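Peer 1: Just passing along the structure, written as structure tokens.
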Protein chains: 2
Amino acid sequence: MMAVILTFLGKGGTGRTTMAIATAKGLAAQGKRVLLATSDSGPGPSLLLGTPLTTTPTPVETNLKAVQFQCAALLESSWEQLKTLEAQYLRTPFFKNVYGQELGVLPGMDSALALNALREYDHSGDYDAIVYDGNNSQETLRMLGMPEILSWYIRRFRQVFLDSDLGKALSPFVQPIASTVLSVDISGDTFAGPTKEMSNVLEQGKSAVSDPNRVSAYLVTTEDEVARATASYLWGSAQQVGLTVGGILLNQSQQTSYLADSFAPLTVTAIPEAASNWETLIKALPDFSQATSAPRSISIDVARRHVTLFLPGFDKKQIKLTQYGPELTIEAGDQRRNILLPPSLTGQPVTGAKFQNGYLIVSL
Amino acid sequence: MMAVILTFLGKGGTGRTTMAIATAKGLAAQGKRVLLATSDSGPGPSLLLGTPLTTTPTPVETNLKAVQFQCAALLESSWEQLKTLEAQYLRTPFFKNVYGQELGVLPGMDSALALNALREYDHSGDYDAIVYDGNNSQETLRMLGMPEILSWYIRRFRQVFLDSDLGKALSPFVQPIASTVLSVDISGDTFAGPTKEMSNVLEQGKSAVSDPNRVSAYLVTTEDEVARATASYLWGSAQQVGLTVGGILLNQSQQTSYLADSFAPLTVTAIPEAASNWETLIKALPDFSQATSAPRSISIDVARRHVTLFLPGFDKKQIKLTQYGPELTIEAGDQRRNILLPPSLTGQPVTGAKFQNGYLIVSL
């Protein structure tokens, strides 16, 4: 049994971490086994939760555990896993004299390791729900977009390598070196072995992110103009990575009606100003299963030859559509989404595109 | 003539972007040629500045230009640069059929590309000061820590490769393949060519980040407890990547005295609540050149055989010290810093370490 993963997007300071904690507490009170996971490595989450967090899931109250991701610690354990894996395949392991404890943290590692940790907690079967508190919403979206984009890179560059003079020139060398030095047998497609396992993980990640029964996001905003505009931008940006947004939380305010138009068809829920009065906050939270009825990010109608994307929060000028070989590329929200068309539409040129009420409809 | 680079660290929602804009406007009013660069790809910076930002520096007022980094656009232009470079060195360029416009954005690319863009604007000679508004402070620190950590990875893995059976087995193959396929002559050290140029860029980046005449950060906080604790954590974290923190801005408050103890020896400057009344904000800002007299992150006393690190905001339990071969590794603030000792101290074992008043003193 997999967990449901919930996350909160919004401008910094609107109360994302507070909403995440209230949600985790609320779901635990309903009897669900909940993990609250935060990527903020600073003191904030511990102070708000009122209990010190560590790098391993620690019981906070009945049904609720909490964990603080520290990239250095995650990197260390992933490195040990990598070395174990390497030792199984290679006669003379390459990385055996590099220690997990000395590895520095480079940009991007936080997200990659957090996503992998979420995947492992999800697969453990120990939780019904995981509430993920990201450090920054743009970073959270990059993280959740990773399975789709990484699988594109593998697909695309595998082809580039196979088609290249370099690939053709290297292939007679790779097999003898591999069998002599590495004592592994790589026959036929050099890339097939290691990428197959990787591809499965990525495919599972992609399908989880795009399934609101598995992963969904809620927008958090206050009445502040910048916070509202940011929420709107993040709505479109979330859809652009395939992530469904289930609703809006208007924090520290009761007047939801003026937001209804700009965030339709989503429901706006008012959250009263309650500092860390968890009871009050929990009572105000919406039913998070409503995400399953929110608009999906993409649908493909093979019969009508239409690809429809829901990209709210953008205007026409902010969306670019291009076609490369068998793929459509949508650029919006500082992200690129490459859409691999189903076989019956592959290779068909785009004959038209219109953008209306937040929907981009591409005709092939 | 290089620019001075200023950035602001703090919890989201404390007013970092507002401080960045006020600082940029204030420096421009002093007659400096200023670039305000933001990594927030959303609508926030444009709304706060009151003018739409684009991906190229656009004049905002006398002496002031502003630019919004969009990763997809930066990736596209970097890709074209890479292809140009590749075409110079390789007879059969590998990436010529991959288009910049189709590349998806993976975690970490934002930071790497933003740092490279800052470097280029810095080297252009067009600006006396660059004010960088990061999306998230932890991400900004990962970005500024990148030159040091990346040069460690290159140094460390080059040695691992040269020492390995794989390196020894591959070296007789690499030269003939390289000369046949790539039409380049790689003699002796396979790694020396491409990494030499890279190393220069990284060395320049490292020395800029650690020089408060070139790069410095200011902490932004409000009276809120979580914001203050976060600022303190980010202070230590900044020092841990070699970045000097020059002072504290206490936003929307006048009572600075209660902060003086926890942030000594830095100066706390009160910033009145002034929304976007830029005049009022600019008047309240401190003299940013004070960063040059703030404590540096590291000093090495060869005669006394001491390595001293200033790591405020941490307690003793949060700091780990280890030694691998010729390097010391300091772990704190979810970061690892690898310190290459000067020749006369290389290979000396650590004989003692004490942590006092924010200073870690390591004896060798």
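Chain labels A, B, ... are given in the sequence in which chains occur in the structure tokens; within each chain residues are numbered consecutively from 1, and ligands are likewise numbered from 1 in the order shown.
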Could you please select, counting only C-alpha atoms, the residues of chain A within 6 Å of chain B and state them as an mmCIF file with C-alpha atoms, in the first residue's frame?

Peer 2:
data_model
loop_
_atom_site.group_PDB
_atom_site.id
_atom_site.type_symbol
_atom_site.label_atom_id
_atom_site.label_comp_id
_atom_site.auth_asym_id
_atom_site.auth_seq_id
_atom_site.Cartn_x
_atom_site.Cartn_y
_atom_site.Cartn_z
ATOM 1 C CA GLY A 12 7.820 32.252 1.415
ATOM 2 C CA GLY A 13 6.317 33.475 4.672
ATOM 3 C CA GLY A 44 12.274 26.706 11.659
ATOM 4 C CA GLN A 70 19.680 16.854 5.800
ATOM 5 C CA ALA A 72 24.778 15.703 3.848
ATOM 6 C CA GLY A 104 30.383 18.080 -0.468
ATOM 7 C CA PRO A 107 23.208 22.399 -6.042
ATOM 8 C CA GLY A 108 20.513 19.936 -7.091
ATOM 9 C CA ARG A 142 11.860 21.083 -10.030
ATOM 10 C CA ILE A 149 12.737 15.384 -17.355
ATOM 11 C CA VAL A 226 2.583 39.466 -4.305
ATOM 12 C CA ASP A 334 10.516 28.636 -16.488
ATOM 13 C CA ARG A 336 10.060 22.808 -20.353
#

Peer 1: So that I can check the secondary structure, give me every residue of segment 265-334 of chain A assigned alpha helix (DSSP H) by backbone DSSP, as a count of residues only.

Peer 2: 7

Peer 1: Compare A:Leu202, A:Leu360, A:Leu35, A:Ala303 by their minimum atom-to-atom distance to Asp315 of chain A, counting only C-alpha atoms, and give me the closest one.

Peer 2: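 Of A:Leu202, A:Leu360, A:Leu35, A:Ala303, the one nearest Asp315 of chain A, counting only C-alpha atoms, is A:Leu360.
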
Peer 1: Report as a list in words all protein, DNA and RNA residues lying within 10 Å of Leu6 of chain B, evaluated on only C-alpha atoms, omitting residues in the same chain fewer than 3 positions from it.

Peer 2: Ala3, Ala20, Thr23, Ala24, Leu36, Ala129, Ile130, Val131, Tyr132, Asp133, Pro212, Arg214, Val215, Ser216, Ala217, Tyr218, Val245, Gly246, Phe288 and Ala291 of chain B

Peer 1: Write to file, as a PDB file, in the first residue's frame, the residues of the selection just made, with C-alpha atoms.

Peer 2:
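What follows is the written file result_26.pdb:
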ATOM      1  CA  ALA B   3      31.702  44.534  -9.410  1.00  0.00           C
ATOM      2  CA  ALA B  20      17.582  43.940  -2.492  1.00  0.00           C
ATOM      3  CA  THR B  23      19.854  48.507  -1.882  1.00  0.00           C
ATOM      4  CA  ALA B  24      20.094  48.534  -5.670  1.00  0.00           C
ATOM      5  CA  LEU B  36      19.702  44.010  -9.740  1.00  0.00           C
ATOM      6  CA  ALA B 129      27.662  46.602  -7.957  1.00  0.00           C
ATOM      7  CA  ILE B 130      25.449  43.569  -8.521  1.00  0.00           C
ATOM      8  CA  VAL B 131      22.640  42.964  -6.047  1.00  0.00           C
ATOM      9  CA  TYR B 132      21.570  39.333  -6.173  1.00  0.00           C
ATOM     10  CA  ASP B 133      18.109  38.358  -4.956  1.00  0.00           C
ATOM     11  CA  PRO B 212      34.223  40.547   1.301  1.00  0.00           C
ATOM     12  CA  ARG B 214      33.989  41.209  -3.820  1.00  0.00           C
ATOM     13  CA  VAL B 215      31.039  39.262  -2.367  1.00  0.00           C
ATOM     14  CA  SER B 216      29.150  39.666   0.907  1.00  0.00           C
ATOM     15  CA  ALA B 217      25.791  38.813   2.414  1.00  0.00           C
ATOM     16  CA  TYR B 218      23.492  40.607   4.852  1.00  0.00           C
ATOM     17  CA  VAL B 245      28.146  38.169   6.478  1.00  0.00           C
ATOM     18  CA  GLY B 246      28.461  41.930   6.895  1.00  0.00           C
ATOM     19  CA  PHE B 288      27.485  47.907   2.978  1.00  0.00           C
ATOM     20  CA  ALA B 291      31.416  43.707   5.428  1.00  0.00           C
TER      21      ALA B 291
END

Peer 1: Do you know which residues are at most 8 Å from Lys32 of chain B counting only C-alpha atoms, after dropping those on the same chain fewer than 4 positions away, and could you put them as a PyMOL selection string?

Peer 2: chain B and resi 27-28+63+127-129

Peer 1: Please measure the separation of atom CA of Val34 of chain B and atom CA of Val60 of chain B, giving the value in Å to one decimal.

Peer 2: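 Atom-to-atom, atom CA of Val34 of chain B and atom CA of Val60 of chain B are spaced 10.2 Å apart.
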
Peer 1: Among segment 267-297 of chain A, which residues carry a DSSP assignment of strand (DSSP E or B), reported as number ranges by chain?

Peer 2: A: 268-271
